[in-house]
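Engineer: After the structure tokens below, expect a handful of questions from me.
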Amino acid sequence: MPEIEISAMTFGPFGVGRQDGKAVMVAGAVAGERLDVEIVSERRDYAVAKIREILRASAERRVAPCPYLPRCGGCDWQHIDYGAQVRFKGEVVARELGHALGVAIDPAGLVEPAPAEFGYRSRIRLRVGAKGVLGFYSAGSNTIVEIDSCMVAEPGIRMPLHLARSLGKRVEEIEVVRDGAREVQVAHLKKPAAEEDLRRARNVLESDSEIAGIVLRSGTHRATAGDTAIAIELEAGLSIEVDADFFSQVNRAQNQKLVASVMEMAAIHESSAVLDLFCGAGNFSLPASRRGARVTGVDADAGAIAAAARNAARLKFRDAQFVAMKASATADFLHRARYRPEVIILDPPRTGAPDLMEAIVKLRAPGVIYVSCDVTTLARDLRVLAGAGYKINRVRGFDFFPNTHHVEIAVHALLT
């Protein structure tokens, strides 16, 4: 069996080494290790292997403290000391963006570490199996690893056993969302909620005083029981209220740092014209409006847009308007209307915004701030900006997801 040196980490659960000039991806490896591996699959450009024996362990390897690892597929970097996790994330971001854009990026201090590597998630999403079993998928399979607690969840997040068992086979997943002492549970059903489902949810609500509300969702169809709103502090003195089933960042402390960084990059002044694409419930729109900007927020999720508009009205931000429309259609419309924002902020889903980049280029905004949780799709989309005359001004990473390979990245590009 081949022996390889692991030279670097990847944006994923793998360390990477080389054998006969070909990249070998090894799950559970740590950069700096020498391993005896078994090749499990071959591709034209790389191979995937598993560890047979650790011949020389990294000093940064640790025994994962979670009792459900390695069966649970959730925390794929928990076997690495936390300080090393942050350093490796900076190296991955610098390498991927630098290679894609042909620029040198210093990885040192690139990623802001989280205040705590455990107990940081304000929401967790659990799979529901037979007889109300709750857990996460095992790595690379659809097998549910049953758990009774999660180390990365905020203290106080409980397993929603009562709701899972009450809804039975109709429920696929349940999210538990905390807002201080308040808890909202969101059940994702296979079919839209029937009256019987809502009755059972109300019974759970009445029997558990710690649950403030329950949402029953199936696609865009939703039914609610109790108070399903949560409050999220975006920055000191600015909180928004949004229903728990709409997207919000899971790491509240790190999100405040991200918001502060984006506002600093945007350099907003009184009456700045800001276009916020994929704005959600106003994570960046409302802090920008608070600083006096004229904000147009766009998102395809009508519920999130309604929440953003309600918050703007409650906060008396009169120069913030919100549009429920696909971002690409809005950008094209604004280009035809000769709208010229000073700053464009976009925070797309993991798949990025490939269909939107050409429209963004046409708007010729002096500054673009792209926020992403996927360095690969981010690099792809930034190449479009670079080809249209934008130059990378600043890159900052934030470790929203300790003990996983994921990292949140904010890139500021200026039109030259």
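Residue numbers start at 1 in each chain; chains themselves are named A, B, ... in the order of the structure tokens; ligands are numbered from 1 in the order shown.
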Find the residues near A:Phe247: any atom within 10 Å, counting only C-alpha atoms, skip ones fewer than 4 places away on the same chain, and give them as a ChimeraX atom specification.
Structural biologist: /A:242-243,280-281,301,304
Engineer: May I ask which of the residues A:Ile6, A:Cys75, A:Ala104, A:Val111 is the closest one to A:Ile51, counting only C-alpha atoms?
Structural biologist: A:Ile6
Engineer: Once DSSP has gone over the backbone, tell me which residues of stretch 80-311 of chain A are in strand (DSSP E or B), as a VMD selection string.
Structural biologist: chain A and resid 80 111 to 112 121 123 to 128 134 to 138 144 to 146 153 171 to 179 182 to 189 211 to 218 221 to 226 229 to 235 238 to 243 273 to 277 294 to 299
Engineer: Tell me which of A:Ala212, A:Ala59, A:Ala84, A:Ile4 sits closest to A:Val37, counting only C-alpha atoms.
Structural biologist: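 Closest residue, counting only C-alpha atoms: A:Ile4.
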Engineer: Rounded to one decimal place, report the atom CA of A:Val343-atom CA of A:His99 distance in Å.
Structural biologist: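 Rounded to one decimal, the two atoms are 25.9 Å apart.
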Engineer: How many Å lie between atom CA of A:Ala331 and atom CA of A:Ser272, rounded to one decimal?
Structural biologist: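 Taking atom CA of A:Ala331 as the start and atom CA of A:Ser272 as the end point, the length is 17.7 Å.
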Engineer: Determine, counting only C-alpha atoms, which protein, DNA and RNA residues have an atom within 8 Å of an atom of A:Tyr82; residues of the same chain fewer than 5 positions away are not included. Present the result as a PyMOL selection string.
Structural biologist: chain A and resi 117+402-403
Engineer: Give the answer as one residue: which of A:Arg34, A:Arg383, A:Lys362, A:Lys169 has the shortest atom-to-atom distance to A:Ala130, using only C-alpha atoms?
Structural biologist: A:Lys169
Engineer: Show me, as a count of residues only, the residues that have an atom within 8 Å of A:Glu233 when counting only C-alpha atoms, minus same-chain residues fewer than 4 positions from it.
Structural biologist: 6
Engineer: For A:Asn203, find every residue with an atom within 12 Å (counting only C-alpha atoms), except residues of its own chain fewer than 2 positions away, and show them as a list of chain:residue names.
Structural biologist: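 Residues near the query, excluding close chain neighbours: A:His162, A:Leu163, A:Ser166, A:Leu167, A:Glu196, A:Asp197, A:Leu198, A:Arg199, A:Arg200, A:Ala201, A:Leu205, A:Glu206, A:Ser207, A:Asp208, A:Ser209, A:Ile211, A:Gly213, A:Ile214, A:Ala225, A:Gly226.
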Engineer: How many Å separate atom CA of A:Ser138 from atom CA of A:Pro67?
Structural biologist: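 Computing the Euclidean distance for atom CA of A:Ser138 and atom CA of A:Pro67 yields 13.3 Å.
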Engineer: Given the choices A:Leu378, A:Leu363, A:Val103, A:Leu189, which gets closest to A:Arg222 if the distance is worked out from only C-alpha atoms?
Structural biologist: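 Of the candidates, the smallest distance to A:Arg222 is held by A:Leu189.
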Engineer: Any chance you could tabulate, as a Markdown table, the residues of stretch 268-368 of chain A at most 9 Å from stretch 386-395 of chain A with each one's nearest atom pair and distance in Å to one decimal, using only C-alpha atoms, in chain and rising number order?
Structural biologist:
| residue | atom | partner | partner_atom | distance |
| --- | --- | --- | --- | --- |
| A:Val361 | CA | A:Ala388 | CA | 6.7 |
| A:Pro366 | CA | A:Tyr390 | CA | 8.7 |
| A:Gly367 | CA | A:Tyr390 | CA | 8.4 |
| A:Val368 | CA | A:Tyr390 | CA | 8.6 |
Engineer: Would you list the contacts of A:Leu161 as a PyMOL selection string, taking every protein, DNA or RNA residue within 9 Å and counting only C-alpha atoms, but skipping same-chain residues closer than 6 positions in sequence?
Structural biologist: chain A and resi 132-134
Engineer: So that I can see what lies close to A:Ala187, please list as a list in words the residues with an atom at most 8 Å from it, counting only C-alpha atoms and leaving out residues fewer than 2 positions away in the same chain.
Structural biologist: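 Listing them by chain and then by number gives Val171, Glu172, Glu173, Ile174, Glu175, Gln185, Leu189, Ile214, Val215, Leu216 and Arg217 of chain A.
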Engineer: If you keep C-alpha atoms, can you produce a file of those selected residues as a CSV table (one decimal), in the first residue's frame?
Structural biologist:
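So the final result, stored in part.csv, reads:
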chain,number,residue,atom,x,y,z
A,171,VAL,CA,-41.4,14.8,9.3
A,172,GLU,CA,-38.0,14.6,7.7
A,173,GLU,CA,-36.0,17.1,9.6
A,174,ILE,CA,-36.4,19.4,12.6
A,175,GLU,CA,-34.5,22.6,13.3
A,185,GLN,CA,-38.8,24.4,16.5
A,189,LEU,CA,-42.5,17.8,6.4
A,214,ILE,CA,-43.4,25.8,16.1
A,215,VAL,CA,-43.3,26.1,12.3
A,216,LEU,CA,-44.4,23.4,10.0
A,217,ARG,CA,-42.8,23.7,6.5
Engineer: DSSP on the backbone, helix (DSSP H, G or I) only: what residues of stretch 107-343 of chain A does that give? Format it as a PyMOL selection string.
Structural biologist: chain A and resi 130-132+161-170+195-207+252-266+285-290+302-314+327-336
